[in-house]
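Everything below belongs to final32.txt, which stores compact mmCIF, C-alpha atoms and all ligand atoms.
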# COMPACT_ATOMS: atom_id res chain seq x y z
CA MET J 1 8.80 18.60 -15.63
CA LEU J 2 11.21 17.69 -12.85
CA PRO J 3 13.35 20.32 -11.03
CA ASP J 4 16.61 20.85 -12.98
CA ARG J 5 18.77 20.60 -9.91
CA PHE J 6 17.08 17.32 -8.88
CA VAL J 7 17.83 15.89 -12.32
CA ALA J 8 21.45 17.09 -12.17
CA ARG J 9 21.90 15.45 -8.78
CA LEU J 10 20.32 12.22 -10.02
CA ARG J 11 22.95 12.11 -12.77
CA THR J 12 25.73 12.27 -10.18
CA ILE J 13 24.09 9.59 -8.02
CA TYR J 14 23.56 7.15 -10.90
CA PRO J 15 26.12 8.19 -13.56
CA ASP J 16 25.94 4.87 -15.45
CA ARG J 17 22.18 4.37 -15.32
CA PHE J 18 20.98 7.97 -15.45
CA GLU J 19 19.24 8.01 -18.87
CA LYS J 20 17.24 4.86 -18.20
CA ILE J 21 16.29 5.92 -14.67
CA LEU J 22 15.13 9.33 -15.91
CA THR J 23 12.55 7.70 -18.21
CA THR J 24 10.92 5.94 -15.23
CA PHE J 25 9.48 9.28 -14.02
CA ASP J 26 7.47 9.66 -17.22
CA ALA J 27 4.90 6.85 -17.07
CA PRO J 28 2.53 5.59 -14.40
CA ARG J 29 3.27 2.16 -12.99
CA ARG J 30 0.84 -0.73 -12.61
CA VAL J 31 -1.15 -0.53 -9.38
CA ALA J 32 0.28 -2.85 -6.75
CA PHE J 33 -1.72 -4.21 -3.84
CA ARG J 34 -1.41 -6.73 -1.06
CA ILE J 35 -4.04 -9.15 0.19
CA ASN J 36 -4.58 -8.84 3.95
CA PRO J 37 -4.76 -12.37 5.39
CA LEU J 38 -6.02 -10.96 8.73
CA LYS J 39 -9.31 -10.17 7.00
CA VAL J 40 -9.76 -12.60 4.12
CA ASP J 41 -8.63 -15.93 2.76
CA PRO J 42 -6.17 -14.95 -0.02
CA ASP J 43 -7.55 -17.50 -2.52
CA GLU J 44 -11.07 -16.27 -1.90
CA ALA J 45 -10.00 -12.63 -2.39
CA LEU J 46 -8.31 -13.45 -5.68
CA ARG J 47 -11.32 -15.41 -6.85
CA ARG J 48 -13.62 -12.44 -6.11
CA LEU J 49 -11.33 -9.94 -7.84
CA ARG J 50 -11.00 -12.11 -10.94
CA GLN J 51 -14.73 -12.75 -10.97
CA ASP J 52 -15.20 -8.96 -11.05
CA GLY J 53 -13.01 -8.73 -14.16
CA LEU J 54 -9.78 -7.61 -12.44
CA ARG J 55 -6.89 -9.49 -14.04
CA CYS J 56 -4.47 -9.59 -11.08
CA GLU J 57 -0.89 -10.59 -11.87
CA PRO J 58 1.27 -12.15 -9.14
CA VAL J 59 4.60 -10.39 -8.52
CA GLY J 60 6.56 -13.61 -8.06
CA TRP J 61 8.66 -12.77 -4.99
CA TYR J 62 5.80 -12.31 -2.51
CA ASP J 63 2.73 -14.50 -2.64
CA LEU J 64 0.27 -11.92 -1.26
CA ALA J 65 1.27 -9.16 -3.73
CA PHE J 66 -0.35 -8.55 -7.13
CA THR J 67 -0.50 -5.83 -9.76
CA LEU J 68 -3.16 -4.46 -12.09
CA PRO J 69 -3.01 -1.99 -14.99
CA SER J 70 -2.51 1.60 -13.76
CA ASP J 71 -5.94 2.73 -15.01
CA THR J 72 -7.67 0.19 -12.72
CA LYS J 73 -6.89 2.12 -9.53
CA GLU J 74 -10.26 3.89 -9.37
CA VAL J 75 -12.09 0.57 -9.75
CA LEU J 76 -9.91 -1.00 -7.07
CA VAL J 77 -10.49 1.73 -4.46
CA ARG J 78 -14.25 1.33 -4.87
CA HIS J 79 -14.13 -2.46 -4.66
CA PRO J 80 -15.74 -3.93 -1.48
CA LEU J 81 -12.53 -5.83 -0.69
CA PHE J 82 -10.61 -2.54 -0.54
CA VAL J 83 -13.33 -0.74 1.42
CA GLU J 84 -13.42 -3.61 3.96
CA GLY J 85 -9.61 -3.63 4.46
CA CYS J 86 -9.14 -7.03 2.79
CA ILE J 87 -6.68 -5.57 0.28
CA TYR J 88 -4.28 -2.63 0.65
CA ILE J 89 -2.82 -0.58 -2.20
CA GLN J 90 0.93 -0.26 -1.60
CA SER J 91 3.97 0.21 -3.82
CA LEU J 92 6.01 -2.95 -4.36
CA SER J 93 9.16 -1.35 -2.98
CA SER J 94 7.32 -0.45 0.25
CA MET J 95 6.46 -4.12 0.76
CA LEU J 96 10.17 -4.94 0.88
CA ALA J 97 10.67 -3.12 4.20
CA PRO J 98 8.55 -5.47 6.38
CA LEU J 99 9.88 -8.49 4.45
CA VAL J 100 13.46 -7.48 5.29
CA LEU J 101 12.73 -6.61 8.94
CA ALA J 102 10.82 -9.93 9.27
CA PRO J 103 8.79 -9.38 12.48
CA GLN J 104 7.79 -12.67 14.14
CA PRO J 105 4.60 -13.64 16.02
CA GLY J 106 4.94 -12.85 19.73
CA GLU J 107 7.63 -10.17 19.32
CA THR J 108 7.60 -6.57 20.51
CA ILE J 109 7.70 -4.26 17.48
CA LEU J 110 7.90 -0.49 17.08
CA ASP J 111 6.90 1.39 13.93
CA LEU J 112 8.36 4.83 14.61
CA ALA J 113 6.88 6.74 11.63
CA ALA J 114 3.78 4.75 10.92
CA ALA J 115 1.04 6.65 9.05
CA PRO J 116 -0.88 5.85 6.94
CA GLY J 117 -0.04 2.32 8.11
CA GLY J 118 0.83 0.17 5.10
CA LYS J 119 3.93 -1.32 6.70
CA ALA J 120 2.31 -1.65 10.14
CA LEU J 121 -0.60 -3.56 8.58
CA MET J 122 1.78 -5.87 6.79
CA MET J 123 3.85 -6.44 9.94
CA ALA J 124 0.72 -7.25 11.99
CA ALA J 125 -0.24 -9.81 9.34
CA MET J 126 3.27 -11.31 9.38
CA MET J 127 2.96 -11.55 13.19
CA ARG J 128 -0.47 -13.19 12.78
CA ASN J 129 -1.82 -10.62 15.24
CA ARG J 130 0.31 -12.06 18.03
CA GLY J 131 2.70 -9.91 20.05
CA TRP J 132 2.88 -6.13 20.54
CA LEU J 133 3.00 -3.47 17.83
CA SER J 134 3.57 0.15 18.89
CA VAL J 135 2.78 2.65 16.14
CA VAL J 136 3.91 6.28 16.35
CA GLU J 137 2.73 9.26 14.30
CA PRO J 138 2.88 12.93 15.38
CA GLY J 139 0.53 14.47 12.77
CA LYS J 140 -3.06 14.53 14.08
CA ASP J 141 -4.88 13.86 10.80
CA ARG J 142 -2.36 11.23 9.77
CA PHE J 143 -2.55 9.62 13.22
CA PHE J 144 -6.33 9.14 12.97
CA ARG J 145 -6.00 7.86 9.42
CA LEU J 146 -3.43 5.33 10.67
CA LYS J 147 -5.75 4.24 13.48
CA ARG J 148 -8.69 3.81 11.07
CA ASN J 149 -6.57 1.83 8.60
CA LEU J 150 -5.29 -0.55 11.27
CA GLU J 151 -8.76 -1.07 12.73
CA ASN J 152 -10.26 -1.62 9.28
CA GLY J 153 -7.43 -4.05 8.53
CA GLY J 154 -8.32 -6.21 11.54
CA VAL J 155 -5.15 -5.42 13.53
CA THR J 156 -5.69 -6.24 17.22
CA ILE J 157 -2.11 -5.90 18.54
CA ALA J 158 -1.52 -2.19 17.79
CA HIS J 159 -0.89 0.43 20.49
CA HIS J 160 -1.18 3.92 19.00
CA TYR J 161 0.87 6.93 20.10
CA MET J 162 0.40 10.46 18.75
CA THR J 163 3.87 11.72 19.55
CA ASP J 164 7.19 12.77 18.05
CA GLY J 165 9.35 9.75 17.24
CA ARG J 166 12.42 11.64 18.46
CA SER J 167 11.17 11.32 22.05
CA VAL J 168 10.49 7.58 22.01
CA GLY J 169 14.01 6.23 22.56
CA ALA J 170 14.41 8.15 25.84
CA LYS J 171 10.93 7.09 27.02
CA CYS J 172 11.22 3.41 26.02
CA PRO J 173 14.90 2.41 26.12
CA ALA J 174 15.79 -1.13 24.96
CA MET J 175 12.13 -2.19 24.75
CA PHE J 176 11.69 -3.57 21.24
CA ASP J 177 12.78 -6.73 19.44
CA ARG J 178 12.50 -4.97 16.07
CA VAL J 179 12.05 -1.38 14.99
CA MET J 180 10.78 -0.07 11.65
CA LEU J 181 11.91 3.45 10.76
CA ASP J 182 10.32 4.29 7.42
CA ALA J 183 11.55 7.83 7.77
CA PRO J 184 9.87 11.04 6.64
CA CYS J 185 11.90 12.13 3.59
CA SER J 186 12.00 14.32 0.50
CA THR J 187 9.91 11.61 -1.32
CA GLU J 188 12.02 11.97 -4.49
CA ALA J 189 11.14 8.45 -5.63
CA LYS J 190 7.48 9.47 -5.85
CA PHE J 191 8.08 12.37 -8.25
CA LYS J 192 6.29 12.20 -11.60
CA SER J 193 7.31 14.38 -14.53
CA TYR J 194 3.64 14.55 -15.65
CA GLU J 195 2.44 15.74 -12.18
CA PRO J 196 4.56 18.81 -11.26
CA ALA J 197 2.85 19.05 -7.85
CA THR J 198 4.75 15.92 -6.75
CA SER J 199 8.09 17.77 -6.88
CA ALA J 200 6.91 21.36 -6.32
CA TYR J 201 8.37 21.61 -2.78
CA TRP J 202 11.69 19.91 -3.52
CA SER J 203 14.87 21.79 -2.59
CA GLU J 204 18.34 20.97 -1.35
CA ARG J 205 17.47 22.87 1.80
CA LYS J 206 14.57 20.48 2.39
CA ILE J 207 16.93 17.54 1.95
CA LYS J 208 19.18 19.01 4.66
CA GLU J 209 16.23 19.53 7.01
CA MET J 210 15.03 15.97 6.40
CA ALA J 211 18.50 14.56 7.02
CA LYS J 212 18.64 16.33 10.38
CA LEU J 213 15.27 14.86 11.39
CA GLN J 214 16.25 11.41 10.10
CA ASN J 215 19.49 11.40 12.12
CA ARG J 216 17.56 12.20 15.29
CA LEU J 217 14.80 9.68 14.57
CA LEU J 218 17.38 6.99 13.92
CA HIS J 219 19.15 7.81 17.19
CA SER J 220 15.80 7.43 19.01
CA ALA J 221 15.05 4.17 17.18
CA ILE J 222 18.45 2.75 18.16
CA LYS J 223 17.88 3.63 21.82
CA SER J 224 14.50 1.88 21.81
CA LEU J 225 15.97 -1.35 20.40
CA LYS J 226 16.80 -4.31 22.71
CA PRO J 227 20.36 -5.67 22.59
CA GLY J 228 20.31 -8.31 19.86
CA GLY J 229 17.36 -6.56 18.18
CA ARG J 230 17.04 -5.50 14.53
CA LEU J 231 16.18 -2.13 13.05
CA LEU J 232 15.20 -1.30 9.50
CA TYR J 233 15.82 2.22 8.15
CA ALA J 234 14.10 3.05 4.86
CA THR J 235 13.38 6.09 2.70
CA CYS J 236 11.87 6.81 -0.70
CA SER J 237 14.57 9.38 -1.45
CA PHE J 238 17.59 9.12 -3.76
CA ALA J 239 19.55 11.73 -1.79
CA PRO J 240 22.76 10.31 -0.22
CA GLU J 241 22.34 12.89 2.59
CA GLU J 242 19.09 11.08 3.61
CA ASN J 243 20.47 7.59 3.04
CA GLU J 244 24.15 6.55 3.17
CA SER J 245 25.16 9.63 5.16
CA VAL J 246 22.55 8.89 7.88
CA ILE J 247 23.72 5.27 8.09
CA ASP J 248 27.39 6.29 8.11
CA LYS J 249 26.81 8.66 11.06
CA ALA J 250 24.90 6.00 13.02
CA LEU J 251 27.64 3.40 12.50
CA ARG J 252 30.35 5.81 13.66
CA LYS J 253 28.35 7.01 16.68
CA HIS J 254 27.13 3.58 17.88
CA PRO J 255 29.96 1.02 17.88
CA ASP J 256 27.49 -1.63 19.14
CA LEU J 257 25.58 -1.44 15.85
CA SER J 258 26.33 -3.50 12.77
CA LEU J 259 24.82 -3.48 9.31
CA LEU J 260 23.50 -6.82 8.09
CA PRO J 261 23.60 -7.85 4.44
CA ILE J 262 20.19 -7.73 2.71
CA ASP J 263 19.49 -10.47 0.22
CA LEU J 264 16.74 -9.61 -2.27
CA PRO J 265 15.61 -11.65 -5.27
CA LEU J 266 15.52 -8.55 -7.48
CA ALA J 267 17.59 -7.50 -10.49
CA ASN J 268 16.90 -3.80 -9.90
CA SER J 269 18.91 -3.42 -6.70
CA ILE J 270 22.46 -2.28 -5.94
CA GLY J 271 24.49 -1.74 -2.76
CA GLY J 272 24.80 1.59 -0.96
CA LEU J 273 27.10 4.24 -2.45
CA GLN J 274 30.68 4.12 -1.17
CA SER J 275 31.20 7.80 -1.74
CA TRP J 276 29.43 10.86 -3.08
CA ASN J 277 30.56 14.44 -3.72
CA ASP J 278 34.07 13.80 -2.37
CA ARG J 279 32.72 12.21 0.79
CA SER J 280 33.54 8.57 1.60
CA PHE J 281 31.19 6.49 3.71
CA HIS J 282 31.87 3.74 6.26
CA PRO J 283 32.90 0.60 4.30
CA ASP J 284 29.88 -1.38 5.61
CA VAL J 285 27.48 1.08 3.98
CA VAL J 286 27.78 -1.05 0.84
CA ARG J 287 25.47 -3.50 2.68
CA CYS J 288 22.57 -1.07 2.32
CA VAL J 289 20.31 -1.58 -0.67
CA ARG J 290 19.20 0.94 -3.28
CA ILE J 291 16.18 -0.24 -5.23
CA LEU J 292 16.55 1.25 -8.69
CA PRO J 293 13.32 2.65 -10.11
CA ASP J 294 12.04 0.71 -13.11
CA GLU J 295 8.73 0.12 -14.88
CA SER J 296 7.35 -1.91 -11.96
CA MET J 297 8.98 -0.42 -8.84
CA GLU J 298 9.68 2.97 -7.32
CA GLY J 299 13.15 3.76 -6.05
CA PHE J 300 13.75 2.91 -2.38
CA PHE J 301 16.56 2.71 0.18
CA LEU J 302 16.92 0.03 2.87
CA ALA J 303 19.42 -0.53 5.67
CA LEU J 304 19.16 -3.35 8.25
CA PHE J 305 20.94 -2.89 11.59
CA GLU J 306 21.56 -5.31 14.42
CA LYS J 307 22.37 -4.11 17.93
CA GLY J 308 25.13 -5.96 19.72
CA LYS J 309 24.25 -7.97 22.82
CA ASN J 310 27.06 -6.68 25.02
CA ASP J 311 26.54 -2.94 25.34
CA GLY J 312 23.64 -0.58 24.99
N1 LIG F 401 5.42 3.73 7.25
C1 LIG F 401 4.29 4.42 6.66
C2 LIG F 401 3.50 3.42 5.83
O1 LIG F 401 4.02 2.40 5.42
O2 LIG F 401 2.32 3.69 5.60
C3 LIG F 401 4.75 5.62 5.84
C4 LIG F 401 5.58 6.57 6.66
S1 LIG F 401 5.95 8.09 5.84
C5 LIG F 401 7.27 7.65 4.83
C6 LIG F 401 6.73 8.98 7.12
C7 LIG F 401 5.80 9.40 8.25
O3 LIG F 401 6.60 10.00 9.28
C8 LIG F 401 4.75 10.42 7.88
O4 LIG F 401 3.47 9.95 8.23
C9 LIG F 401 5.11 11.64 8.74
O5 LIG F 401 3.99 12.37 9.19
C10 LIG F 401 5.82 10.97 9.90
N2 LIG F 401 6.69 11.87 10.70
C11 LIG F 401 7.14 13.11 10.41
N3 LIG F 401 7.86 13.60 11.42
C12 LIG F 401 7.91 12.63 12.36
C13 LIG F 401 8.50 12.54 13.65
N4 LIG F 401 9.19 13.56 14.17
N5 LIG F 401 8.30 11.40 14.37
C14 LIG F 401 7.63 10.35 13.84
N6 LIG F 401 7.03 10.39 12.63
C15 LIG F 401 7.18 11.52 11.90

Is it possible to express this structure as structure tokens?
Ligand code: SAM
Amino acid sequence: MLPDRFVARLRTIYPDRFEKILTTFDAPRRVAFRINPLKVDPDEALRRLRQDGLRCEPVGWYDLAFTLPSDTKEVLVRHPLFVEGCIYIQSLSSMLAPLVLAPQPGETILDLAAAPGGKALMMAAMMRNRGWLSVVEPGKDRFFRLKRNLENGGVTIAHHYMTDGRSVGAKCPAMFDRVMLDAPCSTEAKFKSYEPATSAYWSERKIKEMAKLQNRLLHSAIKSLKPGGRLLYATCSFAPEENESVIDKALRKHPDLSLLPIDLPLANSIGGLQSWNDRSFHPDVVRCVRILPDESMEGFFLALFEKGKNDG
């Protein structure tokens, strides 16, 4: 069962696709994972997995990503390659965020909400462990989990900070070439109708609280970005208050920011909403991307900013 009010809102967000989208909450997806080239040769990893009877299917749009049947997850988490940090279980939509931000070797990168570290691990691999990667997480248990995951994944360029992301922009103004803000959110895209615990704490009040935090985290992220730098904002929520509305506010408040188009080779993506509940958003918000949940991917929201070179 999903909360009635959540379902009613989903209908207003996706009026034309509602019935189909609703069915995606009812069945588990295939397990997706990524090979970590910092720890293992990808061909060797695939050979070992296949030798152990795991029939990995490539995803097509990213050569290090594969999927397995959903009931293989327990086998995968006990596999030596997983235990040694050579593979990382991660939803396919989550992998899009580092691909869109595209950190380069030698750059200075900030991951402002980093635990448990899936995107930070992927960014370190894309940077080939060259450059500087600051990772921020305020929750103590989650911080140590993040640290363990990065160490186990062979990341040597990470600098860990147990602090509130809202304070980082003031402490480190204009320091980073690229910033990842995979914001804390209402996690609506992770709800499962067959696991009521996943949506037990959902409420519209929580959405409002999250939006307030997201606005402040984004403000901090923008401050920490160098002129000419790029910032990726992402959530796994469907709520326009946590997505288009946050982007709209940032565009209106920071005239030096622009939204870049995001080009993805996926059929299950649409642009950001232009309006919702009688509220119209900044015209550029259409450049955001909503990943529509389907049988292979969870819903996701992505927005890519660039900071102008002339003012701060
Ligand atoms: N990027 C992570 C990954 O790929 O593994 C997932 C990040 S998760 C969506 C959001 C994270 O933000 C959570 O670990 C949460 O504890 C953290 N968080 C919550 N409040 C925060 C704050 N004020 N500053 C920074 N991070 C915060």

If you take every atom of ligand LIG 401 (chain F) that the file lists and fit an axis-aligned box around them with 5 Å extra on each side, what centre and edge lengths come out in Å to one decimal, as JSON?
{"center_x": 5.8, "center_y": 8.0, "center_z": 9.6, "size_x": 16.9, "size_y": 21.2, "size_z": 19.5}

Could you make a table, as a Markdown table, of the residues of chain J that have an atom within 7 Å of an atom of ligand LIG 401 (chain F), each with its nearest atom pair and distance in Å to one decimal, counting all atoms listed in the file, in chain and number order?
| residue | atom | partner | partner_atom | distance |
| --- | --- | --- | --- | --- |
| J:Ser94 | CA | F:LIG401 | O1 | 6.8 |
| J:Leu112 | CA | F:LIG401 | C14 | 5.6 |
| J:Ala113 | CA | F:LIG401 | N6 | 3.8 |
| J:Ala114 | CA | F:LIG401 | N1 | 4.1 |
| J:Ala115 | CA | F:LIG401 | O4 | 4.2 |
| J:Pro116 | CA | F:LIG401 | O2 | 4.1 |
| J:Gly117 | CA | F:LIG401 | O2 | 3.7 |
| J:Gly118 | CA | F:LIG401 | O2 | 3.9 |
| J:Lys119 | CA | F:LIG401 | O1 | 3.9 |
| J:Ala120 | CA | F:LIG401 | O1 | 6.5 |
| J:Val136 | CA | F:LIG401 | C14 | 6.1 |
| J:Glu137 | CA | F:LIG401 | N6 | 4.7 |
| J:Pro138 | CA | F:LIG401 | N6 | 5.6 |
| J:Gly139 | CA | F:LIG401 | O5 | 5.4 |
| J:Arg142 | CA | F:LIG401 | O4 | 6.2 |
| J:Thr163 | CA | F:LIG401 | N5 | 6.8 |
| J:Asp164 | CA | F:LIG401 | N5 | 4.1 |
| J:Gly165 | CA | F:LIG401 | N5 | 3.5 |
| J:Arg166 | CA | F:LIG401 | N4 | 5.7 |
| J:Asp182 | CA | F:LIG401 | N1 | 4.9 |
| J:Ala183 | CA | F:LIG401 | C6 | 5.0 |
| J:Pro184 | CA | F:LIG401 | C6 | 3.8 |
| J:Cys185 | CA | F:LIG401 | C5 | 6.6 |
| J:Leu213 | CA | F:LIG401 | N4 | 6.8 |
| J:Leu217 | CA | F:LIG401 | N5 | 6.7 |
| J:Thr235 | CA | F:LIG401 | C5 | 6.7 |

Could you list, with a cut-off of 12 Å and counting all atoms listed in the file, the residues of stretch 125-192 of chain J near stretch 202-207 of chain J, each shown with its nearest atom pair and the distance in Å rounded to one decimal, rows sorted by chain and ascending number, as a Markdown table?
| residue | atom | partner | partner_atom | distance |
| --- | --- | --- | --- | --- |
| J:Pro184 | CA | J:Ile207 | CA | 10.7 |
| J:Cys185 | CA | J:Ile207 | CA | 7.6 |
| J:Ser186 | CA | J:Ile207 | CA | 6.1 |
| J:Thr187 | CA | J:Trp202 | CA | 8.8 |
| J:Glu188 | CA | J:Trp202 | CA | 8.0 |
| J:Ala189 | CA | J:Trp202 | CA | 11.7 |
| J:Lys190 | CA | J:Trp202 | CA | 11.5 |
| J:Phe191 | CA | J:Trp202 | CA | 9.6 |

Please report as JSON lines every residue of stretch 214-286 of chain J lying within 9 Å of stretch 100-103 of chain J, along with the nearest atom pair and their distance in Å (one decimal), using only C-alpha atoms.
{"residue": "J:Arg230", "atom": "CA", "partner": "J:Leu101", "partner_atom": "CA", "distance": 7.1}
{"residue": "J:Leu231", "atom": "CA", "partner": "J:Leu101", "partner_atom": "CA", "distance": 7.0}
{"residue": "J:Leu232", "atom": "CA", "partner": "J:Leu101", "partner_atom": "CA", "distance": 5.9}
{"residue": "J:Ile262", "atom": "CA", "partner": "J:Val100", "partner_atom": "CA", "distance": 7.2}
{"residue": "J:Asp263", "atom": "CA", "partner": "J:Val100", "partner_atom": "CA", "distance": 8.4}
{"residue": "J:Leu264", "atom": "CA", "partner": "J:Val100", "partner_atom": "CA", "distance": 8.5}

statement: Separating atom CA of J:Ile157 from atom CA of J:Gln104, to the nearest tenth of an Å, is a gap of 12.8 Å

task: Just give me the gap between atom CA of J:Ser224 and atom CA of J:Ala174 in Å, one decimal is fine.
output: 4.5 Å

query: Looking at only C-alpha atoms, which of J:Asp26, J:Glu298, J:Asp248, J:Glu107 is the one that sits closest to J:Phe281?
result: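 Closest to J:Phe281, using only C-alpha atoms: J:Asp248.
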
message: Please determine, counting all atoms listed in the file, which residue among J:Thr12, J:Ser220, J:Asn152, J:Val31 has the shortest atom-to-atom distance to J:Pro173.
response: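 Of J:Thr12, J:Ser220, J:Asn152, J:Val31, the one nearest J:Pro173, counting all atoms listed in the file, is J:Ser220.
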
- request: For atom CA of J:Asp177 and atom CA of J:Val285, quote the distance in Å rounded to one decimal.
  value: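 Atom-to-atom, atom CA of J:Asp177 and atom CA of J:Val285 are spaced 22.7 Å apart.
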
- request: Might you pull out every residue within 12 Å of J:Arg178, with only C-alpha atoms counted and same-chain residues fewer than 6 positions away left off, and present them as a count of residues only?
  value: 37

message: Env of J:Ile270: 9 Å cut, atoms = all atoms listed in the file, seq-sep filter 5 positions within chain, self excluded. Answer as an MDAnalysis selection string.
response: chainID J and resid 286 288:292

message: Calculated over all atoms listed in the file, which of the candidates J:Gly154, J:Leu92, J:Ser245, J:Leu38 has the smallest distance to J:Gly60?
response: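 Checking each of J:Gly154, J:Leu92, J:Ser245, J:Leu38 against J:Gly60, counting all atoms listed in the file, the winner is J:Leu92.
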
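Each of J:Asn243, J:Ser296, J:Thr198, J:Ser237 was checked against J:Gln274 using all atoms listed in the file; the smallest atom-to-atom distance is that of J:Asn243.
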
So that I can check the surroundings of J:Ser91, please list as a tab-separated table (two decimals) with C-alpha atoms, keeping the file's coordinate frame every protein, DNA and RNA residue that reaches within 10 Å of it, counting only C-alpha atoms and ignoring chain neighbours fewer than 2 positions away.
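To be explicit, this is the file written out as part.tsv:
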chain	number	residue	atom	x	y	z
J	29	ARG	CA	3.27	2.16	-12.99
J	30	ARG	CA	0.84	-0.73	-12.61
J	31	VAL	CA	-1.15	-0.53	-9.38
J	32	ALA	CA	0.28	-2.85	-6.75
J	33	PHE	CA	-1.72	-4.21	-3.84
J	34	ARG	CA	-1.41	-6.73	-1.06
J	65	ALA	CA	1.27	-9.16	-3.73
J	67	THR	CA	-0.50	-5.83	-9.76
J	88	TYR	CA	-4.28	-2.63	0.65
J	89	ILE	CA	-2.82	-0.58	-2.20
J	93	SER	CA	9.16	-1.35	-2.98
J	94	SER	CA	7.32	-0.45	0.25
J	95	MET	CA	6.46	-4.12	0.76
J	96	LEU	CA	10.17	-4.94	0.88
J	118	GLY	CA	0.83	0.17	5.10
J	296	SER	CA	7.35	-1.91	-11.96
J	297	MET	CA	8.98	-0.42	-8.84
J	298	GLU	CA	9.68	2.97	-7.32

- request: Go through J:Pro265, J:Pro240, J:Gly153, J:Pro3 and flag the residue nearest J:Tyr62, using only C-alpha atoms for the distances.
  value: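 Residue with the minimum atom-to-atom distance to J:Tyr62: J:Pro265.
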